[in-house]
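Participant: For reference, this is structure25.cif, and it has mmCIF, C-alpha atoms and all ligand atoms.
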```
data_data
#
loop_
_atom_site.label_atom_id
_atom_site.label_comp_id
_atom_site.auth_asym_id
_atom_site.auth_seq_id
_atom_site.Cartn_x
_atom_site.Cartn_y
_atom_site.Cartn_z
CA MET X 227 0.00 0.00 0.00
CA SER X 228 1.29 3.26 -1.14
CA ILE X 229 0.30 6.68 0.05
CA LYS X 230 -0.86 8.68 3.05
CA VAL X 231 -4.10 10.63 2.64
CA ALA X 232 -5.17 13.44 4.96
CA VAL X 233 -8.85 14.38 4.87
CA ILE X 234 -9.43 17.91 6.17
CA GLY X 235 -13.07 17.97 7.25
CA GLY X 236 -12.78 14.26 7.96
CA GLY X 237 -15.34 14.39 10.77
CA GLY X 238 -18.08 15.50 8.37
CA ARG X 239 -20.30 13.40 6.20
CA VAL X 240 -18.34 13.69 2.95
CA GLY X 241 -14.94 13.33 4.64
CA SER X 242 -15.89 10.28 6.71
CA ASN X 243 -17.68 8.60 3.79
CA ALA X 244 -14.59 9.18 1.63
CA ALA X 245 -12.46 7.63 4.37
CA PHE X 246 -14.71 4.56 4.40
CA ALA X 247 -14.46 4.25 0.60
CA LEU X 248 -10.66 4.52 0.90
CA GLN X 249 -10.68 1.84 3.58
CA CYS X 250 -12.80 -0.51 1.44
CA GLY X 251 -10.51 0.25 -1.52
CA ARG X 252 -7.52 -1.19 0.40
CA ILE X 253 -5.05 0.81 -1.67
CA VAL X 254 -3.83 3.71 0.47
CA ARG X 255 -1.45 3.08 3.37
CA GLU X 256 -2.68 5.67 5.85
CA ILE X 257 -5.84 7.73 6.35
CA LEU X 258 -5.69 10.77 8.64
CA LEU X 259 -8.87 12.61 9.60
CA VAL X 260 -8.49 16.29 10.53
CA ASP X 261 -11.43 18.42 11.65
CA VAL X 262 -12.06 21.51 13.79
CA ASN X 263 -14.44 19.21 15.57
CA ALA X 264 -11.59 17.02 16.82
CA GLU X 265 -13.87 14.82 18.90
CA LEU X 266 -15.99 13.97 15.87
CA ALA X 267 -12.93 13.20 13.71
CA GLY X 268 -11.58 11.06 16.55
CA GLY X 269 -14.83 9.11 16.74
CA GLU X 270 -14.97 8.52 12.99
CA ALA X 271 -11.33 7.41 12.90
CA LEU X 272 -11.94 5.05 15.81
CA ASP X 273 -14.99 3.48 14.16
CA LEU X 274 -13.06 3.00 10.89
CA MET X 275 -10.00 1.63 12.71
CA HIS X 276 -12.19 -0.97 14.43
CA GLY X 277 -12.90 -2.46 10.99
CA ALA X 278 -9.23 -2.69 9.98
CA ALA X 279 -8.98 -6.35 10.98
CA LEU X 280 -11.82 -7.16 8.58
CA CYS X 281 -10.50 -5.05 5.74
CA ALA X 282 -6.85 -4.09 5.27
CA ASP X 283 -3.57 -3.31 7.07
CA GLN X 284 -4.03 0.45 6.99
CA VAL X 285 -3.22 3.07 9.60
CA ILE X 286 -6.38 5.07 10.35
CA ARG X 287 -6.31 7.87 12.88
CA ALA X 288 -7.32 11.45 13.66
CA GLY X 289 -4.92 14.34 14.14
CA ASP X 290 -4.27 18.03 13.54
CA THR X 291 -2.99 19.83 10.43
CA ALA X 292 0.62 19.33 11.60
CA ALA X 293 0.06 15.57 11.30
CA ALA X 294 -0.92 16.13 7.65
CA ALA X 295 2.52 17.55 6.79
CA ASP X 296 3.83 14.25 5.41
CA ALA X 297 0.64 13.38 3.51
CA ASP X 298 0.90 12.58 -0.20
CA VAL X 299 -2.66 13.71 -0.84
CA VAL X 300 -4.52 16.35 1.17
CA CYS X 301 -8.21 16.09 0.45
CA ILE X 302 -10.22 19.11 1.61
CA THR X 303 -13.88 18.44 2.38
CA ALA X 304 -14.27 21.04 5.14
CA GLY X 305 -17.00 23.61 4.88
CA SER X 306 -20.71 24.08 4.95
CA ARG X 307 -23.17 22.22 2.78
CA ARG X 308 -25.71 23.75 0.45
CA LYS X 309 -29.26 24.35 1.63
CA PRO X 310 -31.75 22.60 -0.73
CA ASP X 311 -32.71 25.82 -2.54
CA GLU X 312 -29.21 27.28 -2.58
CA SER X 313 -26.83 27.14 -5.56
CA ARG X 314 -23.29 25.91 -4.98
CA LEU X 315 -22.02 29.36 -5.85
CA ASP X 316 -24.12 30.83 -3.04
CA LEU X 317 -21.99 28.83 -0.69
CA ILE X 318 -18.96 30.80 -1.69
CA ASN X 319 -19.05 33.50 0.91
CA ARG X 320 -19.42 30.97 3.69
CA ASN X 321 -16.72 28.62 2.46
CA VAL X 322 -14.02 30.94 1.13
CA SER X 323 -12.82 32.17 4.50
CA ILE X 324 -12.80 28.66 6.01
CA PHE X 325 -10.88 27.46 2.96
CA LYS X 326 -8.23 30.21 3.03
CA GLY X 327 -7.67 29.50 6.72
CA ILE X 328 -7.05 25.83 5.93
CA LEU X 329 -4.64 26.69 3.10
CA ASP X 330 -2.71 29.05 5.40
CA ASP X 331 -2.52 26.34 8.02
CA LEU X 332 -1.23 23.82 5.47
CA LYS X 333 1.35 26.35 4.22
CA LYS X 334 2.56 26.92 7.78
CA ASN X 335 2.99 23.20 8.27
CA ARG X 336 5.03 22.81 5.06
CA LEU X 337 3.54 19.95 3.10
CA LYS X 338 6.01 17.67 1.39
CA PRO X 339 7.11 18.60 -2.14
CA GLY X 340 5.02 16.73 -4.67
CA ALA X 341 1.97 16.50 -2.38
CA ILE X 342 -1.38 16.81 -4.14
CA ILE X 343 -4.16 19.11 -2.93
CA PHE X 344 -7.52 17.62 -3.81
CA VAL X 345 -10.44 20.00 -3.33
CA VAL X 346 -13.96 18.70 -2.67
CA SER X 347 -15.57 21.58 -0.73
CA ASN X 348 -17.98 23.72 -2.74
CA PRO X 349 -18.02 25.71 -4.89
CA VAL X 350 -15.34 23.24 -5.92
CA ASP X 351 -14.18 24.89 -9.17
CA ILE X 352 -13.72 28.28 -7.51
CA LEU X 353 -11.95 26.80 -4.47
CA THR X 354 -9.65 24.74 -6.72
CA ARG X 355 -8.55 27.93 -8.46
CA MET X 356 -8.20 29.63 -5.11
CA ALA X 357 -5.93 26.84 -3.85
CA ILE X 358 -3.64 27.21 -6.88
CA GLU X 359 -3.41 30.99 -6.53
CA HIS X 360 -3.23 31.11 -2.73
CA LEU X 361 -0.57 28.40 -2.40
CA GLY X 362 1.37 29.46 -5.51
CA TRP X 363 1.91 25.78 -6.34
CA PRO X 364 2.37 24.29 -9.81
CA SER X 365 -1.18 23.89 -11.04
CA ASN X 366 -0.78 20.15 -11.82
CA GLN X 367 -0.54 19.51 -8.06
CA VAL X 368 -4.00 20.93 -7.38
CA LEU X 369 -7.20 19.37 -8.63
CA GLY X 370 -10.86 19.39 -7.66
CA LEU X 371 -13.52 16.66 -7.63
CA GLY X 372 -15.26 18.67 -10.37
CA THR X 373 -17.94 16.68 -12.16
CA VAL X 374 -16.75 13.21 -11.06
CA LEU X 375 -19.84 12.83 -8.85
CA ASP X 376 -22.19 14.31 -11.48
CA THR X 377 -20.77 11.91 -14.07
CA SER X 378 -21.32 8.92 -11.77
CA ARG X 379 -24.85 10.10 -11.03
CA PHE X 380 -25.54 10.54 -14.76
CA CYS X 381 -24.30 7.03 -15.66
CA SER X 382 -26.08 5.44 -12.69
CA ILE X 383 -29.37 7.24 -13.38
CA ILE X 384 -29.27 6.28 -17.08
CA ALA X 385 -28.54 2.65 -16.11
CA ASP X 386 -31.30 2.58 -13.50
CA ALA X 387 -33.91 4.12 -15.81
CA LYS X 388 -33.09 1.99 -18.84
CA LYS X 389 -32.24 -1.26 -17.01
CA LEU X 390 -28.62 -1.18 -18.19
CA PRO X 391 -25.52 -2.32 -16.27
CA ALA X 392 -24.25 0.82 -14.52
CA THR X 393 -20.54 0.14 -14.92
CA GLN X 394 -20.96 -0.25 -18.68
CA VAL X 395 -22.64 3.13 -19.08
CA LYS X 396 -20.06 5.81 -19.96
CA ALA X 397 -21.63 9.25 -20.13
CA LEU X 398 -19.74 12.38 -19.09
CA ILE X 399 -20.88 15.55 -17.43
CA LEU X 400 -18.35 18.34 -18.05
CA GLY X 401 -17.90 22.01 -17.15
CA GLU X 402 -18.85 23.46 -13.79
CA HIS X 403 -19.85 21.28 -10.82
CA GLY X 404 -22.98 23.41 -10.59
CA ASP X 405 -25.85 24.94 -12.48
CA THR X 406 -24.05 25.25 -15.86
CA MET X 407 -22.82 21.63 -16.10
CA SER X 408 -23.21 20.01 -19.54
CA PRO X 409 -24.21 16.46 -20.53
CA ILE X 410 -21.89 15.01 -23.21
CA TRP X 411 -24.04 12.83 -25.45
CA SER X 412 -21.53 12.89 -28.34
CA SER X 413 -19.36 10.24 -26.65
CA ALA X 414 -21.95 8.56 -24.38
CA THR X 415 -22.05 4.78 -24.77
CA VAL X 416 -23.23 1.59 -23.11
CA ALA X 417 -20.84 -1.31 -23.78
CA GLY X 418 -19.49 0.64 -26.75
CA VAL X 419 -22.95 1.31 -28.26
CA PRO X 420 -23.80 5.04 -28.75
CA LEU X 421 -26.46 6.13 -26.25
CA ALA X 422 -27.53 9.08 -28.38
CA LYS X 423 -28.98 6.51 -30.81
CA LEU X 424 -30.61 4.33 -28.12
CA LEU X 425 -32.37 7.17 -26.29
CA SER X 426 -34.79 9.69 -27.74
CA VAL X 427 -34.00 13.39 -27.32
CA ASN X 428 -36.83 13.61 -24.78
CA GLU X 429 -35.36 10.75 -22.78
CA GLN X 430 -31.92 12.35 -22.93
CA ASN X 431 -33.27 15.66 -21.65
CA GLU X 432 -35.22 13.98 -18.88
CA LEU X 433 -32.22 11.91 -17.69
CA PHE X 434 -29.95 14.96 -17.64
CA LYS X 435 -32.58 16.99 -15.79
CA ARG X 436 -32.79 14.29 -13.12
CA THR X 437 -29.00 14.23 -12.84
CA GLN X 438 -28.79 18.00 -12.51
CA GLY X 439 -31.35 18.03 -9.73
CA SER X 440 -30.07 14.96 -7.93
CA GLY X 441 -27.64 16.77 -5.59
CA ALA X 442 -30.42 19.00 -4.27
CA GLU X 443 -32.75 15.98 -4.00
CA VAL X 444 -30.27 14.09 -1.80
CA ILE X 445 -29.78 17.16 0.40
CA ARG X 446 -33.55 17.56 0.75
CA ARG X 447 -34.10 13.90 1.61
CA LYS X 448 -31.11 12.98 3.81
CA GLY X 449 -29.28 16.22 4.58
CA GLY X 450 -26.30 15.81 2.28
CA ALA X 451 -24.50 13.57 -0.19
CA GLY X 452 -22.15 10.95 1.24
CA TYR X 453 -21.71 7.48 -0.23
CA ALA X 454 -21.50 8.32 -3.94
CA VAL X 455 -19.26 11.32 -3.36
CA GLY X 456 -17.08 9.15 -1.10
CA LEU X 457 -16.66 6.63 -3.91
CA GLY X 458 -15.87 9.42 -6.36
CA ILE X 459 -13.19 10.81 -4.05
CA ALA X 460 -11.66 7.33 -3.65
CA GLU X 461 -11.64 6.86 -7.45
CA VAL X 462 -9.51 9.99 -7.89
CA ILE X 463 -7.19 9.23 -4.94
CA HIS X 464 -6.64 5.67 -6.18
CA ALA X 465 -5.67 7.01 -9.62
CA ILE X 466 -3.05 9.17 -7.86
CA ALA X 467 -1.87 6.38 -5.54
CA LEU X 468 -1.51 3.83 -8.35
CA ASP X 469 -0.32 6.38 -10.94
CA SER X 470 -2.90 4.69 -13.15
CA ARG X 471 -3.46 7.65 -15.53
CA ARG X 472 -7.22 7.11 -15.41
CA ILE X 473 -9.13 9.71 -17.42
CA LEU X 474 -11.51 11.43 -15.02
CA PRO X 475 -13.59 14.62 -15.19
CA VAL X 476 -11.71 16.34 -12.35
CA SER X 477 -11.51 20.12 -12.14
CA SER X 478 -8.19 21.63 -13.17
CA ARG X 479 -6.80 24.92 -14.39
CA MET X 480 -7.37 25.47 -18.10
CA THR X 481 -4.31 26.31 -20.18
CA GLY X 482 -5.96 27.07 -23.53
CA GLN X 483 -8.26 24.03 -24.00
CA TYR X 484 -11.37 25.08 -25.97
CA GLY X 485 -9.97 28.65 -25.77
CA MET X 486 -10.25 28.69 -21.95
CA ARG X 487 -7.53 29.91 -19.60
CA GLU X 488 -7.09 30.50 -15.85
CA VAL X 489 -10.49 29.16 -14.89
CA CYS X 490 -10.76 25.71 -13.22
CA LEU X 491 -13.45 23.32 -14.49
CA SER X 492 -13.88 19.72 -15.65
CA ILE X 493 -12.80 18.26 -18.97
CA PRO X 494 -11.48 14.70 -19.47
CA THR X 495 -8.23 14.65 -17.49
CA VAL X 496 -5.45 12.11 -17.11
CA VAL X 497 -4.81 11.66 -13.36
CA GLY X 498 -1.62 10.14 -11.98
CA ARG X 499 0.93 10.39 -9.19
CA SER X 500 1.83 13.95 -10.22
CA GLY X 501 -1.85 14.97 -10.06
CA VAL X 502 -3.08 16.45 -13.34
CA VAL X 503 -1.05 14.73 -16.07
CA GLU X 504 -3.03 16.19 -18.97
CA ALA X 505 -6.37 17.96 -19.36
CA MET X 506 -7.46 16.79 -22.82
CA GLU X 507 -9.19 18.80 -25.52
CA VAL X 508 -11.28 16.05 -27.11
CA GLU X 509 -13.69 16.58 -29.99
CA LEU X 510 -17.17 17.60 -28.81
CA TRP X 511 -20.37 18.68 -30.51
CA PRO X 512 -20.55 22.49 -30.97
CA LYS X 513 -23.38 22.81 -28.40
CA GLU X 514 -21.23 20.91 -25.88
CA VAL X 515 -18.31 23.30 -26.44
CA GLN X 516 -20.80 26.15 -25.97
CA GLY X 517 -21.82 24.55 -22.67
CA LEU X 518 -18.19 24.56 -21.51
CA SER X 519 -17.82 28.22 -22.51
CA GLY X 520 -20.97 29.00 -20.51
CA SER X 521 -19.44 27.34 -17.44
CA ALA X 522 -16.15 29.19 -17.92
CA LYS X 523 -18.01 32.49 -18.20
CA ALA X 524 -20.12 31.87 -15.07
CA LEU X 525 -17.05 30.82 -13.07
CA ALA X 526 -14.97 33.78 -14.28
CA GLU X 527 -17.79 36.14 -13.27
CA THR X 528 -17.96 34.66 -9.78
CA TRP X 529 -14.21 34.79 -9.48
CA SER X 530 -14.14 38.48 -10.43
CA LYS X 531 -16.79 39.25 -7.81
CA LEU X 532 -14.62 37.50 -5.25
CA LYS X 533 -11.61 39.60 -6.01
N1 LIG X 601 -17.57 18.42 -5.00
C1 LIG X 601 -18.59 17.62 -4.79
O1 LIG X 601 -19.00 16.83 -5.68
C2 LIG X 601 -19.28 17.66 -3.45
C3 LIG X 601 -20.29 16.73 -3.15
C4 LIG X 601 -20.91 16.79 -1.90
C5 LIG X 601 -20.52 17.76 -0.99
N2 LIG X 601 -19.53 18.64 -1.31
C6 LIG X 601 -19.10 19.69 -0.38
O2 LIG X 601 -18.32 19.09 0.66
C7 LIG X 601 -18.36 19.97 1.79
C8 LIG X 601 -18.62 19.17 3.05
O3 LIG X 601 -19.93 18.62 3.05
P1 LIG X 601 -20.43 17.69 4.26
O4 LIG X 601 -21.76 17.19 3.87
O5 LIG X 601 -19.36 16.74 4.63
O6 LIG X 601 -20.57 18.76 5.41
P2 LIG X 601 -20.45 18.45 6.99
O7 LIG X 601 -21.02 19.66 7.65
O8 LIG X 601 -20.99 17.11 7.31
O9 LIG X 601 -18.88 18.39 7.23
C9 LIG X 601 -18.02 19.48 7.11
C10 LIG X 601 -16.94 19.30 8.15
O10 LIG X 601 -15.96 20.34 7.98
C11 LIG X 601 -15.50 20.64 9.28
N3 LIG X 601 -14.79 21.93 9.26
C12 LIG X 601 -15.31 23.19 9.16
N4 LIG X 601 -14.31 24.08 9.16
C13 LIG X 601 -13.16 23.39 9.25
C14 LIG X 601 -11.78 23.76 9.28
N5 LIG X 601 -11.42 25.05 9.25
N6 LIG X 601 -10.84 22.80 9.39
C15 LIG X 601 -11.21 21.49 9.47
N7 LIG X 601 -12.50 21.08 9.43
C16 LIG X 601 -13.46 22.02 9.32
C17 LIG X 601 -16.75 20.63 10.15
O11 LIG X 601 -16.43 20.51 11.53
C18 LIG X 601 -17.47 19.38 9.60
O12 LIG X 601 -17.14 18.23 10.32
C19 LIG X 601 -19.42 21.04 1.47
O13 LIG X 601 -18.78 22.21 1.01
C20 LIG X 601 -20.21 20.40 0.36
O14 LIG X 601 -20.86 21.36 -0.45
C21 LIG X 601 -18.91 18.60 -2.50
#
```
Can you dump the structure from the file as structure tokens?
Ligand SMILES: NC(=O)c1ccc[n+]([C@@H]2O[C@H](COP(=O)([O-])OP(=O)(O)OC[C@H]3O[C@@H](n4cnc5c(N)ncnc54)[C@H](O)[C@@H]3O)[C@@H](O)[C@H]2O)c1
Facilitator:
Amino acid sequence: MSIKVAVIGGGGRVGSNAAFALQCGRIVREILLVDVNAELAGGEALDLMHGAALCADQVIRAGDTAAAADADVVCITAGSRRKPDESRLDLINRNVSIFKGILDDLKKNRLKPGAIIFVVSNPVDILTRMAIEHLGWPSNQVLGLGTVLDTSRFCSIIADAKKLPATQVKALILGEHGDTMSPIWSSATVAGVPLAKLLSVNEQNELFKRTQGSGAEVIRRKGGAGYAVGLGIAEVIHAIALDSRRILPVSSRMTGQYGMREVCLSIPTVVGRSGVVEAMEVELWPKEVQGLSGSAKALAETWSKLK
């Protein structure tokens, strides 16, 4: 087993569910939970550690930011959740100051060179950009969960509705993890068969609408997302740990793809031990490229308000 992962916000729902997914994945060597609510993080770490004998030889414990200094991946899930009727961008004012405080703390504790910052807190695309600018790190070492969860929801919802095997459905959501996200039907397949030909336009629109609303639905019904986002986080961390170069829709800083620069959002991205290996400009339908531009515009506007 390879790497040490620190989860900042590890006492919360997303952080603790991610830790459980990492435990079940049996790939990382050590999981550290850090939270302002130290008692809660301690309890979660204890509960997870109790299962070690049934799962894997991992070190699982709670600690402070200083204990995260030798982590290979620092996953930040700290912050407030959305209210059901609130957009992710509305969260910004509440989460930005918490987030900057965490980055300052990490800076003070001197993370090891080559460590990866993995942002999950919302609004994730804005906070990913903030981490790059605030830390002054090479941008490949900072990535956000982006539309990994939306993409999993999209594939799972399509599979559930059409009685298809979920792991054989490949349908991306790209752009902002938020209101302007775009469904990518041009490359959507099940077992290699194009989905755009299997599903009517009405069905496509309906399935995307359900996906878009599914985050708010989970919040309304159980308070917040946990299991699926935990699995999504583990998917990205495992790609880093194993240097597997999996292509995932994580959020990263654009360097000219589709004419976009500076802004962080999701396009298909090769993920490996160095973090972002390559954010790929793949061929998309014109309306899908327009969708990405819409996300970039919305995110740039929010960013400029922040400054
Ligand atoms: N990117 C995604 O796909 C995605 C999906 C779901 C949730 N989220 C986001 O994840 C975040 C966490 O959601 P949650 O449901 O786990 O919330 P939660 O309230 O259950 O947990 C947040 C945790 O952060 C801790 N915290 C607050 N400030 C901290 C600090 N300065 N240092 C360390 N810990 C701190 C809190 O004590 C709490 O335990 C939210 O911003 C939410 O919007 C993102």
Participant: Please put the answer as lines of an AutoDock Vina configuration file: centre and edge lengths, in Å with one decimal, of a box along x, y and z that encloses all listed atoms of ligand LIG 601 (chain X) plus 4 Å on each side.
Facilitator:
```
center_x = -16.3
center_y = 20.9
center_z = 2.9
size_x = 18.9
size_y = 16.3
size_z = 25.2
```
Participant: Would you list the residues that come within 6 Å of ligand LIG 601 (chain X)? Count all atoms listed in the file and give the answer as a PDB file with C-alpha atoms, in the coordinates of the input.
Facilitator:
```pdb
ATOM      1  CA  ILE X 234      -9.430  17.910   6.170  1.00  0.00           C
ATOM      2  CA  GLY X 235     -13.070  17.970   7.250  1.00  0.00           C
ATOM      3  CA  GLY X 237     -15.340  14.390  10.770  1.00  0.00           C
ATOM      4  CA  GLY X 238     -18.080  15.500   8.370  1.00  0.00           C
ATOM      5  CA  ARG X 239     -20.300  13.400   6.200  1.00  0.00           C
ATOM      6  CA  VAL X 240     -18.340  13.690   2.950  1.00  0.00           C
ATOM      7  CA  GLY X 241     -14.940  13.330   4.640  1.00  0.00           C
ATOM      8  CA  VAL X 260      -8.490  16.290  10.530  1.00  0.00           C
ATOM      9  CA  ASP X 261     -11.430  18.420  11.650  1.00  0.00           C
ATOM     10  CA  VAL X 262     -12.060  21.510  13.790  1.00  0.00           C
ATOM     11  CA  ASN X 263     -14.440  19.210  15.570  1.00  0.00           C
ATOM     12  CA  THR X 303     -13.880  18.440   2.380  1.00  0.00           C
ATOM     13  CA  ALA X 304     -14.270  21.040   5.140  1.00  0.00           C
ATOM     14  CA  GLY X 305     -17.000  23.610   4.880  1.00  0.00           C
ATOM     15  CA  SER X 306     -20.710  24.080   4.950  1.00  0.00           C
ATOM     16  CA  ARG X 307     -23.170  22.220   2.780  1.00  0.00           C
ATOM     17  CA  ARG X 308     -25.710  23.750   0.450  1.00  0.00           C
ATOM     18  CA  ILE X 324     -12.800  28.660   6.010  1.00  0.00           C
ATOM     19  CA  ILE X 328      -7.050  25.830   5.930  1.00  0.00           C
ATOM     20  CA  VAL X 346     -13.960  18.700  -2.670  1.00  0.00           C
ATOM     21  CA  SER X 347     -15.570  21.580  -0.730  1.00  0.00           C
ATOM     22  CA  ASN X 348     -17.980  23.720  -2.740  1.00  0.00           C
ATOM     23  CA  VAL X 350     -15.340  23.240  -5.920  1.00  0.00           C
ATOM     24  CA  LEU X 371     -13.520  16.660  -7.630  1.00  0.00           C
ATOM     25  CA  GLY X 372     -15.260  18.670 -10.370  1.00  0.00           C
ATOM     26  CA  LEU X 375     -19.840  12.830  -8.850  1.00  0.00           C
ATOM     27  CA  GLY X 450     -26.300  15.810   2.280  1.00  0.00           C
ATOM     28  CA  ALA X 451     -24.500  13.570  -0.190  1.00  0.00           C
ATOM     29  CA  VAL X 455     -19.260  11.320  -3.360  1.00  0.00           C
TER      30      VAL X 455
END
```
Participant: Tell me, in Å to one decimal, how far CA of Val476 in chain X is from CA of Thr495 in chain X.
Facilitator: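 It comes out at 6.4 Å.
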Participant: Kindly indicate which residue among X:Leu532, X:Leu274, X:Val503, X:Ala387 lies nearest to Pro364 in chain X, using all atoms listed in the file for the distances.
Facilitator: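 Closest candidate: X:Val503.
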Participant: Give as a PDB file with C-alpha atoms, in the frame of the given file every residue, naming chains and numbers as the document does, that has an atom within 6 Å of (-5.7, 8.2, -17.2), counting all atoms listed in the file.
Facilitator:
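Resulting contents of selection.pdb:
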```pdb
ATOM      1  CA  ARG X 471      -3.460   7.650 -15.530  1.00  0.00           C
ATOM      2  CA  ARG X 472      -7.220   7.110 -15.410  1.00  0.00           C
ATOM      3  CA  ILE X 473      -9.130   9.710 -17.420  1.00  0.00           C
ATOM      4  CA  VAL X 496      -5.450  12.110 -17.110  1.00  0.00           C
ATOM      5  CA  VAL X 497      -4.810  11.660 -13.360  1.00  0.00           C
TER       6      VAL X 497
END
```
Participant: Find the distance between CA of Leu329 in chain X and CA of Thr373 in chain X and write it in Å to one decimal.
Facilitator: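 Computing the Euclidean distance for CA of Leu329 in chain X and CA of Thr373 in chain X yields 22.6 Å.
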Participant: Hey, what's within 9 Å of Trp511 in chain X if we count all atoms listed in the file and toss same-chain stuff fewer than 6 positions away? As an mmCIF file with C-alpha atoms, keeping the file's coordinate frame, please?
Facilitator:
```
data_model
loop_
_atom_site.group_PDB
_atom_site.id
_atom_site.type_symbol
_atom_site.label_atom_id
_atom_site.label_comp_id
_atom_site.auth_asym_id
_atom_site.auth_seq_id
_atom_site.Cartn_x
_atom_site.Cartn_y
_atom_site.Cartn_z
ATOM 1 C CA ILE X 410 -21.890 15.010 -23.210
ATOM 2 C CA TRP X 411 -24.040 12.830 -25.450
ATOM 3 C CA SER X 412 -21.530 12.890 -28.340
#
```
Participant: In Å to one decimal, how far is CA of Gly501 in chain X from CA of Gly485 in chain X?
Facilitator: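 Separating CA of Gly485 in chain X from CA of Gly501 in chain X is a distance of 22.4 Å.
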Participant: Skip Ile229 in chain X itself and residues of its chain fewer than 3 positions away, then list as a list in words all residues within 8 Å of it, counting all atoms listed in the file.
Facilitator: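 Counting only the stated atoms, we get Val254, Arg255, Glu256, Ala297, Asp298, Val299 and Ala467 of chain X.
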Participant: Mind completing range 241-256 of chain X with N, CA and C atoms? Output as an mmCIF file, keeping the file's coordinate frame, please?
Facilitator:
```cif
data_model
loop_
_atom_site.group_PDB
_atom_site.id
_atom_site.type_symbol
_atom_site.label_atom_id
_atom_site.label_comp_id
_atom_site.auth_asym_id
_atom_site.auth_seq_id
_atom_site.Cartn_x
_atom_site.Cartn_y
_atom_site.Cartn_z
ATOM 1 N N GLY X 241 -16.281 13.775 4.263
ATOM 2 C CA GLY X 241 -14.940 13.330 4.640
ATOM 3 C C GLY X 241 -14.939 11.913 5.205
ATOM 4 N N SER X 242 -15.893 11.604 6.080
ATOM 5 C CA SER X 242 -15.890 10.280 6.710
ATOM 6 C C SER X 242 -16.343 9.204 5.714
ATOM 7 N N ASN X 243 -17.265 9.573 4.820
ATOM 8 C CA ASN X 243 -17.680 8.600 3.790
ATOM 9 C C ASN X 243 -16.541 8.339 2.803
ATOM 10 N N ALA X 244 -15.762 9.370 2.508
ATOM 11 C CA ALA X 244 -14.590 9.180 1.630
ATOM 12 C C ALA X 244 -13.581 8.264 2.321
ATOM 13 N N ALA X 245 -13.402 8.471 3.621
ATOM 14 C CA ALA X 245 -12.460 7.630 4.370
ATOM 15 C C ALA X 245 -12.901 6.164 4.328
ATOM 16 N N PHE X 246 -14.206 5.943 4.444
ATOM 17 C CA PHE X 246 -14.710 4.560 4.400
ATOM 18 C C PHE X 246 -14.483 3.947 3.010
ATOM 19 N N ALA X 247 -14.706 4.753 1.970
ATOM 20 C CA ALA X 247 -14.460 4.250 0.600
ATOM 21 C C ALA X 247 -12.973 3.940 0.415
ATOM 22 N N LEU X 248 -12.116 4.768 1.005
ATOM 23 C CA LEU X 248 -10.660 4.520 0.900
ATOM 24 C C LEU X 248 -10.280 3.259 1.679
ATOM 25 N N GLN X 249 -10.940 3.067 2.814
ATOM 26 C CA GLN X 249 -10.680 1.840 3.580
ATOM 27 C C GLN X 249 -11.085 0.613 2.754
ATOM 28 N N CYS X 250 -12.307 0.638 2.228
ATOM 29 C CA CYS X 250 -12.800 -0.510 1.440
ATOM 30 C C CYS X 250 -11.953 -0.722 0.192
ATOM 31 N N GLY X 251 -11.353 0.353 -0.334
ATOM 32 C CA GLY X 251 -10.510 0.250 -1.520
ATOM 33 C C GLY X 251 -9.196 -0.464 -1.266
ATOM 34 N N ARG X 252 -8.731 -0.477 -0.016
ATOM 35 C CA ARG X 252 -7.520 -1.190 0.400
ATOM 36 C C ARG X 252 -6.279 -0.807 -0.411
ATOM 37 N N ILE X 253 -6.206 0.421 -0.844
ATOM 38 C CA ILE X 253 -5.050 0.810 -1.670
ATOM 39 C C ILE X 253 -4.138 1.777 -0.925
ATOM 40 N N VAL X 254 -4.709 2.738 -0.208
ATOM 41 C CA VAL X 254 -3.830 3.710 0.470
ATOM 42 C C VAL X 254 -3.301 3.128 1.771
ATOM 43 N N ARG X 255 -2.124 3.638 2.188
ATOM 44 C CA ARG X 255 -1.450 3.080 3.370
ATOM 45 C C ARG X 255 -2.005 3.672 4.668
ATOM 46 N N GLU X 256 -2.285 4.988 4.617
ATOM 47 C CA GLU X 256 -2.680 5.670 5.850
ATOM 48 C C GLU X 256 -3.771 6.693 5.567
#
```
